[in-house]
>>> print(open('input05.csv').read())   # CSV, C-alpha atoms
chain,number,residue,atom,x,y,z
A,1,MET,CA,0.6,-14.6,-16.3
A,2,ILE,CA,-2.1,-13.9,-13.7
A,3,GLY,CA,-2.8,-10.7,-11.7
A,4,ILE,CA,-5.5,-8.2,-10.8
A,5,GLU,CA,-8.1,-7.6,-13.5
A,6,ALA,CA,-10.7,-5.6,-11.5
A,7,ILE,CA,-11.9,-4.7,-8.1
A,8,GLY,CA,-15.5,-4.6,-6.8
A,9,THR,CA,-16.4,-2.9,-3.6
A,10,TYR,CA,-19.2,-2.5,-1.1
A,11,ILE,CA,-19.5,0.1,1.6
A,12,PRO,CA,-22.8,0.1,3.6
A,13,THR,CA,-24.7,3.3,3.4
A,14,THR,CA,-25.4,3.7,7.1
A,15,ARG,CA,-22.9,5.9,9.0
A,16,ILE,CA,-21.9,6.7,12.5
A,17,ASP,CA,-21.1,10.4,12.7
A,18,ASN,CA,-17.9,10.8,14.7
A,19,ARG,CA,-18.4,14.6,15.0
A,20,ALA,CA,-21.5,13.8,17.1
A,21,ARG,CA,-19.4,11.9,19.5
A,22,MET,CA,-16.7,14.4,20.1
A,23,ALA,CA,-18.0,15.5,23.5
A,24,LYS,CA,-18.5,11.9,24.7
A,25,PHE,CA,-14.8,11.1,23.9
A,26,GLU,CA,-13.4,14.5,24.9
A,27,ILE,CA,-11.9,15.2,21.5
A,28,ASP,CA,-12.2,18.1,19.1
A,29,GLU,CA,-12.7,18.3,15.3
A,30,GLU,CA,-9.0,19.1,14.8
A,31,PHE,CA,-8.1,15.7,16.4
A,32,LEU,CA,-10.7,13.9,14.2
A,33,MET,CA,-9.5,15.6,11.0
A,34,THR,CA,-5.7,15.4,11.5
A,35,LYS,CA,-5.2,12.4,13.8
A,36,THR,CA,-7.8,9.6,13.5
A,37,GLY,CA,-8.9,11.0,10.2
A,38,MET,CA,-12.3,9.2,10.4
A,39,LEU,CA,-15.1,11.7,10.3
A,40,ALA,CA,-17.7,8.9,9.8
A,41,LEU,CA,-17.8,5.2,10.0
A,42,ALA,CA,-19.7,2.8,7.7
A,43,ILE,CA,-21.8,0.4,9.6
A,44,LYS,CA,-23.5,-2.7,8.2
A,45,ASP,CA,-27.2,-3.5,8.9
A,46,LYS,CA,-27.6,-5.8,11.9
A,47,ASN,CA,-29.1,-8.4,9.6
A,48,GLU,CA,-26.2,-8.2,7.1
A,49,GLU,CA,-23.7,-11.0,7.5
A,50,THR,CA,-20.1,-11.0,6.4
A,51,SER,CA,-21.0,-13.2,3.5
A,52,ASP,CA,-23.7,-10.6,2.4
A,53,LEU,CA,-21.1,-7.9,2.3
A,54,CYS,CA,-18.9,-10.1,0.1
A,55,CYS,CA,-21.8,-10.9,-2.2
A,56,SER,CA,-22.6,-7.1,-2.6
A,57,ALA,CA,-18.9,-6.5,-3.5
A,58,PHE,CA,-19.2,-9.3,-6.1
A,59,GLU,CA,-22.3,-7.6,-7.6
A,60,ASP,CA,-20.3,-4.4,-8.0
A,61,LEU,CA,-17.4,-6.4,-9.6
A,62,LYS,CA,-19.9,-7.9,-12.1
A,63,LYS,CA,-20.8,-4.4,-13.2
A,64,LYS,CA,-17.2,-3.8,-14.2
A,65,VAL,CA,-16.2,-7.0,-16.0
A,66,ASP,CA,-17.9,-9.7,-18.0
A,67,LEU,CA,-18.0,-12.4,-15.4
A,68,ALA,CA,-19.9,-15.6,-15.5
A,69,GLU,CA,-20.3,-17.4,-12.1
A,70,GLY,CA,-19.6,-20.7,-13.8
A,71,ASP,CA,-16.1,-19.6,-14.8
A,72,ILE,CA,-14.9,-18.9,-11.3
A,73,GLU,CA,-12.5,-21.6,-10.2
A,74,CYS,CA,-11.7,-20.5,-6.7
A,75,ILE,CA,-12.8,-18.0,-4.1
A,76,VAL,CA,-10.9,-16.9,-1.0
A,77,VAL,CA,-12.4,-14.8,1.9
A,78,VAL,CA,-10.1,-12.8,4.2
A,79,THR,CA,-11.9,-12.3,7.5
A,80,GLN,CA,-11.6,-12.6,11.2
A,81,ASN,CA,-15.2,-11.8,11.7
A,82,PRO,CA,-16.9,-14.6,9.8
A,83,ASP,CA,-20.6,-15.5,9.5
A,84,GLY,CA,-21.8,-17.0,12.8
A,85,ASN,CA,-19.0,-18.7,14.6
A,86,GLY,CA,-16.9,-19.4,11.6
A,87,LEU,CA,-18.1,-22.9,10.9
A,88,PRO,CA,-18.9,-23.4,8.1
A,89,HIS,CA,-16.3,-21.1,6.6
A,90,THR,CA,-17.6,-17.8,5.2
A,91,SER,CA,-16.2,-18.6,1.7
A,92,ALA,CA,-18.4,-21.7,1.6
A,93,ILE,CA,-21.4,-19.5,2.5
A,94,VAL,CA,-20.5,-17.0,-0.2
A,95,HIS,CA,-20.1,-19.9,-2.6
A,96,GLY,CA,-23.6,-21.0,-1.9
A,97,LYS,CA,-25.2,-17.6,-2.0
A,98,LEU,CA,-23.6,-16.8,-5.4
A,99,GLY,CA,-24.5,-20.2,-6.8
A,100,LEU,CA,-20.9,-21.0,-7.9
A,101,SER,CA,-19.9,-24.2,-9.5
A,102,SER,CA,-19.3,-27.3,-7.4
A,103,SER,CA,-15.8,-27.5,-8.9
A,104,CYS,CA,-15.0,-24.1,-7.4
A,105,ALA,CA,-12.6,-24.2,-4.5
A,106,ALA,CA,-13.5,-22.0,-1.5
A,107,PHE,CA,-11.5,-21.3,1.7
A,108,ASP,CA,-10.9,-18.5,4.2
A,109,ILE,CA,-7.8,-16.8,5.4
A,110,SER,CA,-7.7,-15.5,9.0
A,111,LEU,CA,-5.8,-12.2,8.8
A,112,GLY,CA,-6.5,-8.6,9.7
A,113,CYS,CA,-5.1,-5.5,8.1
A,114,SER,CA,-2.3,-7.3,6.3
A,115,GLY,CA,-4.8,-9.7,4.8
A,116,PHE,CA,-5.3,-8.3,1.3
A,117,VAL,CA,-1.5,-8.4,0.5
A,118,TYR,CA,-1.2,-11.9,2.0
A,119,GLY,CA,-4.3,-12.9,0.2
A,120,LEU,CA,-3.1,-11.8,-3.2
A,121,SER,CA,0.0,-14.0,-2.8
A,122,VAL,CA,-2.0,-17.0,-1.6
A,123,ILE,CA,-4.7,-16.9,-4.2
A,124,GLN,CA,-2.2,-16.3,-7.0
A,125,GLY,CA,0.0,-19.2,-5.8
A,126,PHE,CA,-3.0,-21.4,-5.5
A,127,MET,CA,-4.2,-20.6,-9.0
A,128,ILE,CA,-0.8,-21.0,-10.6
A,129,ALA,CA,-0.3,-24.4,-8.8
A,130,ASN,CA,-3.7,-25.6,-10.1
A,131,GLY,CA,-3.8,-24.0,-13.6
A,132,PHE,CA,-6.8,-21.8,-12.7
A,133,ARG,CA,-7.7,-18.8,-14.9
A,134,ARG,CA,-10.2,-17.0,-12.7
A,135,GLY,CA,-10.5,-16.6,-9.0
A,136,ILE,CA,-11.9,-14.0,-6.6
A,137,LEU,CA,-10.2,-12.6,-3.5
A,138,PHE,CA,-12.7,-11.3,-1.1
A,139,THR,CA,-12.0,-9.1,1.9
A,140,GLY,CA,-14.8,-8.6,4.5
A,141,ASP,CA,-14.1,-8.0,8.1
A,142,PRO,CA,-17.0,-6.1,9.8
A,143,TYR,CA,-15.5,-4.9,13.1
A,144,SER,CA,-18.9,-3.5,14.1
A,145,LYS,CA,-19.5,-7.0,15.4
A,146,ILE,CA,-16.7,-6.6,18.0
A,147,ILE,CA,-16.5,-2.9,18.8
A,148,ASP,CA,-17.5,-1.6,22.2
A,149,GLN,CA,-19.0,1.7,21.2
A,150,ASP,CA,-17.9,3.2,24.5
A,151,ASP,CA,-14.2,2.3,24.0
A,152,LYS,CA,-12.4,5.5,22.8
A,153,ASN,CA,-9.4,3.4,21.6
A,154,THR,CA,-11.4,1.6,19.0
A,155,ALA,CA,-14.9,3.1,18.6
A,156,LEU,CA,-13.8,6.1,16.5
A,157,LEU,CA,-11.7,4.1,14.0
A,158,PHE,CA,-13.3,1.1,12.4
A,159,GLY,CA,-15.8,0.8,9.6
A,160,ASP,CA,-17.5,-2.0,7.7
A,161,ALA,CA,-16.9,-2.8,4.0
A,162,ALA,CA,-16.1,-5.6,1.7
A,163,THR,CA,-14.2,-6.0,-1.6
A,164,ALA,CA,-14.0,-8.6,-4.4
A,165,THR,CA,-10.9,-8.6,-6.5
A,166,LEU,CA,-10.9,-10.6,-9.7
A,167,ILE,CA,-7.6,-12.5,-10.3
A,168,SER,CA,-7.3,-13.7,-13.9
A,169,ASP,CA,-5.1,-14.5,-16.8
A,170,THR,CA,-6.1,-11.2,-18.5
A,171,PRO,CA,-4.9,-8.8,-15.7
A,172,GLU,CA,-4.5,-5.1,-15.6
A,173,TRP,CA,-1.9,-5.3,-12.8
A,174,LYS,CA,0.7,-7.9,-12.0
A,175,THR,CA,2.4,-8.2,-8.6
A,176,GLY,CA,6.1,-8.1,-7.8
A,177,LYS,CA,7.9,-10.0,-5.1
A,178,PHE,CA,6.2,-10.0,-1.7
A,179,LEU,CA,7.8,-9.4,1.6
A,180,PHE,CA,6.1,-10.6,4.8
A,181,GLY,CA,6.7,-10.3,8.5
A,182,SER,CA,5.2,-11.3,11.9
A,183,GLN,CA,5.8,-10.3,15.5
A,184,GLY,CA,3.6,-12.8,17.3
A,185,LYS,CA,4.9,-12.0,20.8
A,186,GLU,CA,3.3,-8.5,20.5
A,187,GLY,CA,0.0,-10.0,19.3
A,188,ALA,CA,-1.9,-8.9,22.4
A,189,ALA,CA,-1.6,-5.3,21.1
A,190,ILE,CA,-4.8,-5.9,19.0
A,191,GLN,CA,-7.0,-8.7,20.2
A,192,VAL,CA,-10.5,-9.7,21.0
A,193,SER,CA,-10.9,-10.0,24.8
A,194,HIS,CA,-11.7,-13.5,26.1
A,195,SER,CA,-13.9,-12.0,28.7
A,196,SER,CA,-15.9,-9.4,26.9
A,197,GLY,CA,-15.7,-10.7,23.3
A,198,MET,CA,-14.9,-7.1,22.2
A,199,LEU,CA,-11.8,-5.7,20.5
A,200,GLU,CA,-9.0,-4.3,22.6
A,201,MET,CA,-6.2,-2.2,21.2
A,202,ASN,CA,-3.0,-0.8,22.7
A,203,GLY,CA,-2.8,2.2,20.4
A,204,ARG,CA,0.7,3.2,21.3
A,205,ALA,CA,2.1,-0.4,20.7
A,206,VAL,CA,0.3,-0.6,17.4
A,207,PHE,CA,1.5,2.8,16.3
A,208,SER,CA,5.2,2.1,17.3
A,209,PHE,CA,5.1,-1.2,15.5
A,210,SER,CA,3.7,0.3,12.3
A,211,ALA,CA,6.0,3.3,12.3
A,212,THR,CA,9.1,1.2,12.7
A,213,GLN,CA,8.4,-2.1,10.8
A,214,VAL,CA,6.5,-0.8,7.8
A,215,PRO,CA,9.1,1.7,6.4
A,216,ASN,CA,11.8,-0.9,6.8
A,217,ASN,CA,9.6,-3.6,5.1
A,218,ILE,CA,8.8,-1.3,2.2
A,219,LYS,CA,12.4,-0.3,1.6
A,220,THR,CA,13.6,-3.9,1.7
A,221,MET,CA,10.7,-5.0,-0.6
A,222,LEU,CA,11.6,-2.3,-3.1
A,223,ALA,CA,15.2,-3.5,-3.1
A,224,LEU,CA,14.0,-7.1,-3.6
A,225,ASN,CA,12.1,-5.8,-6.7
A,226,HIS,CA,15.1,-3.7,-7.9
A,227,CYS,CA,12.9,-0.7,-7.6
A,228,THR,CA,13.5,2.7,-5.9
A,229,ILE,CA,11.1,4.9,-3.9
A,230,ASP,CA,11.2,7.7,-6.5
A,231,ARG,CA,10.0,5.3,-9.3
A,232,VAL,CA,6.8,4.5,-7.3
A,233,ASP,CA,3.7,6.4,-8.4
A,234,LEU,CA,1.5,5.6,-5.4
A,235,PHE,CA,1.9,4.1,-1.9
A,236,ALA,CA,-1.4,2.4,-1.1
A,237,MET,CA,-0.9,2.0,2.7
A,238,HIS,CA,-3.4,0.3,4.9
A,239,GLN,CA,-5.7,3.1,6.1
A,240,GLY,CA,-5.3,2.6,9.8
A,241,SER,CA,-5.6,6.3,10.6
A,242,ARG,CA,-4.6,9.5,9.0
A,243,PHE,CA,-1.8,9.9,11.6
A,244,ILE,CA,-0.2,6.6,10.8
A,245,VAL,CA,-0.4,7.2,7.0
A,246,ASP,CA,1.1,10.7,7.5
A,247,THR,CA,3.8,9.2,9.8
A,248,LEU,CA,4.7,6.6,7.2
A,249,GLN,CA,4.8,9.2,4.4
A,250,LYS,CA,7.2,11.3,6.4
A,251,ARG,CA,9.4,8.4,7.5
A,252,LEU,CA,9.7,7.3,3.9
A,253,SER,CA,10.4,10.9,2.7
A,254,ILE,CA,7.8,10.7,0.0
A,255,PRO,CA,5.4,13.5,-1.2
A,256,SER,CA,2.1,13.5,0.7
A,257,GLU,CA,0.2,13.2,-2.6
A,258,LYS,CA,1.8,9.8,-3.2
A,259,ALA,CA,0.5,8.4,0.1
A,260,PRO,CA,-3.1,9.3,0.2
A,261,PHE,CA,-5.6,8.9,3.0
A,262,SER,CA,-9.1,8.1,1.7
A,263,ALA,CA,-11.0,6.6,4.6
A,264,GLU,CA,-12.4,9.7,6.2
A,265,SER,CA,-16.0,9.0,5.2
A,266,TYR,CA,-16.1,5.3,6.1
A,267,GLY,CA,-13.3,4.3,8.5
A,268,ASN,CA,-10.6,1.7,8.9
A,269,THR,CA,-12.0,-1.2,7.0
A,270,VAL,CA,-9.2,-3.6,7.9
A,271,SER,CA,-8.2,-5.9,5.0
A,272,SER,CA,-10.6,-3.9,2.7
A,273,SER,CA,-8.7,-0.6,3.0
A,274,ILE,CA,-6.1,-1.2,0.3
A,275,PRO,CA,-8.5,-2.5,-2.4
A,276,LEU,CA,-10.9,0.3,-1.6
A,277,LEU,CA,-8.0,2.7,-2.3
A,278,LEU,CA,-6.9,0.9,-5.5
A,279,LYS,CA,-10.3,0.9,-7.1
A,280,ASP,CA,-10.1,4.6,-7.7
A,281,VAL,CA,-6.5,4.9,-8.9
A,282,SER,CA,-5.7,6.7,-12.2
A,283,ASP,CA,-5.0,4.7,-15.3
A,284,SER,CA,-1.8,6.7,-15.8
A,285,LEU,CA,-0.1,5.1,-12.8
A,286,GLU,CA,2.4,2.4,-13.5
A,287,ILE,CA,3.9,1.3,-10.2
A,288,ILE,CA,2.1,1.1,-6.9
A,289,VAL,CA,3.3,-0.1,-3.5
A,290,ILE,CA,0.7,-1.9,-1.4
A,291,ALA,CA,1.5,-2.3,2.3
A,292,GLY,CA,-0.8,-3.9,4.9
A,293,PHE,CA,0.0,-4.1,8.7
A,294,GLY,CA,-1.9,-4.8,11.9
A,295,VAL,CA,-3.4,-7.7,13.7
A,296,GLY,CA,-0.8,-10.4,14.6
A,297,LEU,CA,1.2,-8.4,14.6
A,298,SER,CA,1.6,-9.0,10.9
A,299,TRP,CA,2.8,-7.0,7.9
A,300,ALA,CA,3.3,-7.5,4.2
A,301,SER,CA,4.0,-5.5,1.1
A,302,THR,CA,4.5,-5.9,-2.6
A,303,LEU,CA,4.5,-3.9,-5.9
A,304,LEU,CA,1.8,-3.7,-8.5
A,305,PHE,CA,3.0,-3.1,-12.0
A,306,LYS,CA,0.5,-1.8,-14.7
A,307,ILE,CA,0.4,-4.1,-17.6
A,308,LYS,CA,0.9,-2.1,-20.8
A,309,GLU,CA,-1.4,-2.9,-23.8
B,310,MET,CA,27.2,8.9,27.3
B,311,SER,CA,27.0,12.6,27.3
B,312,THR,CA,24.5,14.5,29.6
B,313,ILE,CA,21.0,14.6,28.2
B,314,SER,CA,19.9,18.2,27.8
B,315,LYS,CA,16.6,20.0,27.4
B,316,LYS,CA,17.7,20.8,23.9
B,317,ASP,CA,18.0,17.1,23.0
B,318,ILE,CA,14.5,16.4,24.2
B,319,MET,CA,13.1,19.6,22.5
B,320,LYS,CA,14.6,18.3,19.2
B,321,ILE,CA,12.8,15.0,19.6
B,322,ILE,CA,9.5,16.7,20.3
B,323,ASP,CA,10.1,19.0,17.4
B,324,ASP,CA,10.9,16.1,15.0
B,325,ALA,CA,7.6,14.5,16.1
B,326,GLY,CA,5.9,17.4,14.5
B,327,VAL,CA,3.6,18.2,17.4
B,328,SER,CA,0.9,20.7,16.8
B,329,VAL,CA,1.9,23.1,19.6
B,330,ASP,CA,4.7,25.7,19.7
B,331,ILE,CA,7.5,23.8,21.4
B,332,ASN,CA,9.2,27.0,22.5
B,333,LYS,CA,6.2,27.7,24.8
B,334,ILE,CA,6.5,24.4,26.6
B,335,GLU,CA,8.0,24.8,30.1
B,336,SER,CA,10.4,22.2,31.3
B,337,GLY,CA,8.2,21.3,34.2
B,338,GLU,CA,4.9,21.5,32.3
B,339,SER,CA,3.0,18.4,31.4
B,340,LEU,CA,3.3,17.8,27.6
B,341,THR,CA,-0.4,16.9,27.5
B,342,ASP,CA,-1.4,20.1,29.4
B,343,ALA,CA,0.7,22.0,26.8
B,344,GLY,CA,-1.5,20.6,24.1
B,345,VAL,CA,0.4,17.5,22.9
B,346,ASP,CA,-2.2,14.9,22.1
B,347,SER,CA,-2.1,11.2,22.8
B,348,LEU,CA,-0.9,10.3,19.2
B,349,GLU,CA,1.7,12.9,19.2
B,350,LEU,CA,2.9,11.7,22.6
B,351,SER,CA,3.3,8.2,21.1
B,352,LEU,CA,5.5,9.7,18.4
B,353,VAL,CA,7.6,11.6,21.0
B,354,LEU,CA,8.1,8.4,23.0
B,355,LEU,CA,9.0,6.5,19.8
B,356,GLY,CA,11.6,9.2,19.0
B,357,ILE,CA,13.1,8.8,22.5
B,358,GLU,CA,13.2,5.0,22.2
B,359,GLU,CA,14.9,5.2,18.8
B,360,LYS,CA,17.4,7.9,19.8
B,361,TYR,CA,18.5,6.3,23.0
B,362,ASP,CA,17.9,2.7,21.9
B,363,ILE,CA,15.7,1.9,24.9
B,364,LYS,CA,12.2,0.4,25.3
B,365,ILE,CA,9.8,2.4,27.4
B,366,PRO,CA,7.2,0.2,29.0
B,367,ASP,CA,3.6,1.4,29.1
B,368,GLU,CA,3.8,1.5,32.9
B,369,ASP,CA,6.6,4.1,32.8
B,370,ILE,CA,4.8,6.6,30.6
B,371,GLU,CA,3.3,8.4,33.6
B,372,LYS,CA,6.9,9.2,34.7
B,373,LEU,CA,7.5,10.9,31.4
B,374,MET,CA,5.0,13.7,31.4
B,375,THR,CA,7.3,16.7,31.4
B,376,ILE,CA,10.6,17.5,29.7
B,377,ASP,CA,12.3,17.5,33.2
B,378,GLU,CA,10.9,14.1,33.9
B,379,ILE,CA,12.0,12.7,30.6
B,380,ILE,CA,15.6,14.0,31.2
B,381,LYS,CA,15.6,12.4,34.7
B,382,TYR,CA,14.2,9.1,33.4
B,383,LEU,CA,16.8,8.9,30.6
B,384,SER,CA,19.7,9.9,32.8
B,385,GLU,CA,18.8,7.1,35.2
B,386,LYS,CA,18.4,4.6,32.4
B,387,MET,CA,21.7,5.6,30.9
B,388,THR,CA,23.6,5.1,34.2
B,389,SER,CA,21.8,1.9,35.4
>>> encode(input="input05.csv", output="structure tokens")
Amino acid sequence: MIGIEAIGTYIPTTRIDNRARMAKFEIDEEFLMTKTGMLALAIKDKNEETSDLCCSAFEDLKKKVDLAEGDIECIVVVTQNPDGNGLPHTSAIVHGKLGLSSSCAAFDISLGCSGFVYGLSVIQGFMIANGFRRGILFTGDPYSKIIDQDDKNTALLFGDAATATLISDTPEWKTGKFLFGSQGKEGAAIQVSHSSGMLEMNGRAVFSFSATQVPNNIKTMLALNHCTIDRVDLFAMHQGSRFIVDTLQKRLSIPSEKAPFSAESYGNTVSSSIPLLLKDVSDSLEIIVIAGFGVGLSWASTLLFKIKE
Amino acid sequence: MSTISKKDIMKIIDDAGVSVDINKIESGESLTDAGVDSLELSLVLLGIEEKYDIKIPDEDIEKLMTIDEIIKYLSEKMTS
């Protein structure tokens, strides 16, 4: 059996203070606190590349587990903001910077906010198919590369971060059955503009999609796993905004403490938001829902089961 | 289809959990002027779409700024 053994994370220390921009965007503190939820946004250094963020998350992972670079058999990087123009793939650059073995496989996955959940399924399937024992799933999607800081729809939301999740044959968590979905016809709701190269987002379209598709997806996924909402200890939702997390919590009729929002000090970190939430979960939890949704439009969920000693 | 009333629309606004006292919103008053913010308005519009099984295009939103306008819009949609 393989699954999640440990999660390393990296959040740049530099912050944009959204409170200082309230007048510019004609919003008040109440809106920041209760709606977007992001009081500050983590911003990488201009000289830091996506691969550097991933390497920093890997360094954090190494502090948590006994991990020799030579034992890593595959790495996968989930990003849509790769180093340079994406060629070579960022995972190859991470592979080089970390000095991994030449027998270690490395590839990227192009996905946004659903990327961690998809990535878990992909890397586990890849490892099982090839008999691998240790692999790393990276998420690193620094949106500061594509944010127009004058665009109210996006400038108050996104932060930079990266995570490195060790998938191994000595796991702490195993996954249940996954359930995926796509709505490609609506993909223009979040896209990079061909003309400006900057992110554009139709907030209402993204909100409506999330509020309708995600609860249905989670309920169906739970049934697929012969599980019920009341048995779940935690719902680790993609941290798109406080408003969407609160809306999903209400639509699923779950207690607010089971659907936490934790991104207020660093922002929506895209595919990194779920692993950032998971790294701090209590050891007493036994069943967790993870649900990612966004760019694509795309969504995915699964269950994490704590492996008892 | 029965007539759409102010009460029906007030119920949708209430269910959306807006942060203003819905009883103080006048029928002809703009929801945003009454204090409903952009995200809450998205939830109100979603509530309308789900209750009446319609899709409200972005270009129609400016026709849906007040409770009266919402009733008029829905009445036309239901009879067209």
>>> closest_residue(input="input05.csv", among="A:Ala291, A:Leu32, A:Ile136, A:Leu87", to="Leu100 in chain A", atoms="only C-alpha atoms")
A:Ile136
>>> residues_around(input="input05.csv", residues="range 345-360 of chain B", least_positions_apart="4", cutoff="7 Å", atoms="only C-alpha atoms", output="ChimeraX atom specification")
/A:204,208 /B:321-322,325,327-329,340-341,364-365
>>> interface_residues(input="input05.csv", of="chain A", to="chain B", cutoff="12 Å", atoms="only C-alpha atoms", output="ChimeraX atom specification")
/A:26-28,30-32,34-36,152-153,189,202-212,241-244,246-248,250-251
>>> write_last_selection(input="input05.csv", atoms="C-alpha atoms", output="short mmCIF file (atom, residue, chain, number, x, y, z; two decimals), keeping the file's coordinate frame")
data_model
loop_
_atom_site.label_atom_id
_atom_site.label_comp_id
_atom_site.auth_asym_id
_atom_site.auth_seq_id
_atom_site.Cartn_x
_atom_site.Cartn_y
_atom_site.Cartn_z
CA GLU A 26 -13.40 14.50 24.90
CA ILE A 27 -11.90 15.20 21.50
CA ASP A 28 -12.20 18.10 19.10
CA GLU A 30 -9.00 19.10 14.80
CA PHE A 31 -8.10 15.70 16.40
CA LEU A 32 -10.70 13.90 14.20
CA THR A 34 -5.70 15.40 11.50
CA LYS A 35 -5.20 12.40 13.80
CA THR A 36 -7.80 9.60 13.50
CA LYS A 152 -12.40 5.50 22.80
CA ASN A 153 -9.40 3.40 21.60
CA ALA A 189 -1.60 -5.30 21.10
CA ASN A 202 -3.00 -0.80 22.70
CA GLY A 203 -2.80 2.20 20.40
CA ARG A 204 0.70 3.20 21.30
CA ALA A 205 2.10 -0.40 20.70
CA VAL A 206 0.30 -0.60 17.40
CA PHE A 207 1.50 2.80 16.30
CA SER A 208 5.20 2.10 17.30
CA PHE A 209 5.10 -1.20 15.50
CA SER A 210 3.70 0.30 12.30
CA ALA A 211 6.00 3.30 12.30
CA THR A 212 9.10 1.20 12.70
CA SER A 241 -5.60 6.30 10.60
CA ARG A 242 -4.60 9.50 9.00
CA PHE A 243 -1.80 9.90 11.60
CA ILE A 244 -0.20 6.60 10.80
CA ASP A 246 1.10 10.70 7.50
CA THR A 247 3.80 9.20 9.80
CA LEU A 248 4.70 6.60 7.20
CA LYS A 250 7.20 11.30 6.40
CA ARG A 251 9.40 8.40 7.50
#
>>> residues_around(input="input05.csv", residues="Ala106 in chain A", least_positions_apart="4", cutoff="10 Å", atoms="only C-alpha atoms", output="ChimeraX atom specification")
/A:73-77,89-95,100,102,135-136
>>> atom_distance(input="input05.csv", atom1="CA of Pro88 in chain A", atom2="CA of Phe107 in chain A")
10.0 Å
>>> residues_around(input="input05.csv", residues="range 375-386 of chain B", least_positions_apart="6", cutoff="7 Å", atoms="only C-alpha atoms", output="ChimeraX atom specification")
/B:313-315,318,336-340
>>> atom_distance(input="input05.csv", atom1="CA of Ile370 in chain B", atom2="CA of Leu39 in chain A")
28.9 Å
>>> closest_residue(input="input05.csv", among="A:Ile123, A:Ile229, A:Leu222, A:Gly115", to="Gln249 in chain A", atoms="only C-alpha atoms")
A:Ile229
>>> decode(input="input05.csv", residues="range 195-210 of chain A", atoms="N, CA and C atoms", output="compact mmCIF listing (two decimals), in the first residue's frame")
# COMPACT_ATOMS: atom_id res chain seq x y z
N SER A 195 -3.91 38.66 -24.85
CA SER A 195 -3.35 39.98 -25.16
C SER A 195 -2.45 40.52 -24.06
N SER A 196 -2.91 40.40 -22.81
CA SER A 196 -2.12 41.01 -21.72
C SER A 196 -1.17 40.02 -21.04
N GLY A 197 -1.46 38.73 -21.17
CA GLY A 197 -0.65 37.74 -20.46
C GLY A 197 -0.98 37.68 -18.97
N MET A 198 -2.02 38.39 -18.57
CA MET A 198 -2.42 38.44 -17.16
C MET A 198 -3.67 37.60 -16.92
N LEU A 199 -3.85 37.22 -15.65
CA LEU A 199 -5.01 36.40 -15.28
C LEU A 199 -6.29 37.22 -15.37
N GLU A 200 -7.33 36.59 -15.94
CA GLU A 200 -8.68 37.18 -15.94
C GLU A 200 -9.62 36.20 -15.26
N MET A 201 -10.52 36.70 -14.45
CA MET A 201 -11.45 35.80 -13.76
C MET A 201 -12.84 36.41 -13.72
N ASN A 202 -13.83 35.61 -14.12
CA ASN A 202 -15.23 35.99 -13.96
C ASN A 202 -15.67 35.43 -12.61
N GLY A 203 -15.62 36.28 -11.60
CA GLY A 203 -15.86 35.82 -10.23
C GLY A 203 -17.20 35.16 -10.03
N ARG A 204 -18.24 35.71 -10.66
CA ARG A 204 -19.59 35.14 -10.50
C ARG A 204 -19.65 33.73 -11.11
N ALA A 205 -19.07 33.57 -12.30
CA ALA A 205 -19.11 32.26 -12.96
C ALA A 205 -18.35 31.21 -12.14
N VAL A 206 -17.20 31.61 -11.61
CA VAL A 206 -16.40 30.66 -10.82
C VAL A 206 -17.14 30.31 -9.53
N PHE A 207 -17.74 31.32 -8.92
CA PHE A 207 -18.48 31.08 -7.69
C PHE A 207 -19.66 30.13 -7.93
N SER A 208 -20.45 30.40 -8.98
CA SER A 208 -21.63 29.57 -9.26
C SER A 208 -21.22 28.13 -9.54
N PHE A 209 -20.17 27.98 -10.33
CA PHE A 209 -19.67 26.63 -10.64
C PHE A 209 -19.27 25.91 -9.36
N SER A 210 -18.52 26.59 -8.50
CA SER A 210 -18.02 25.96 -7.27
C SER A 210 -19.18 25.59 -6.34
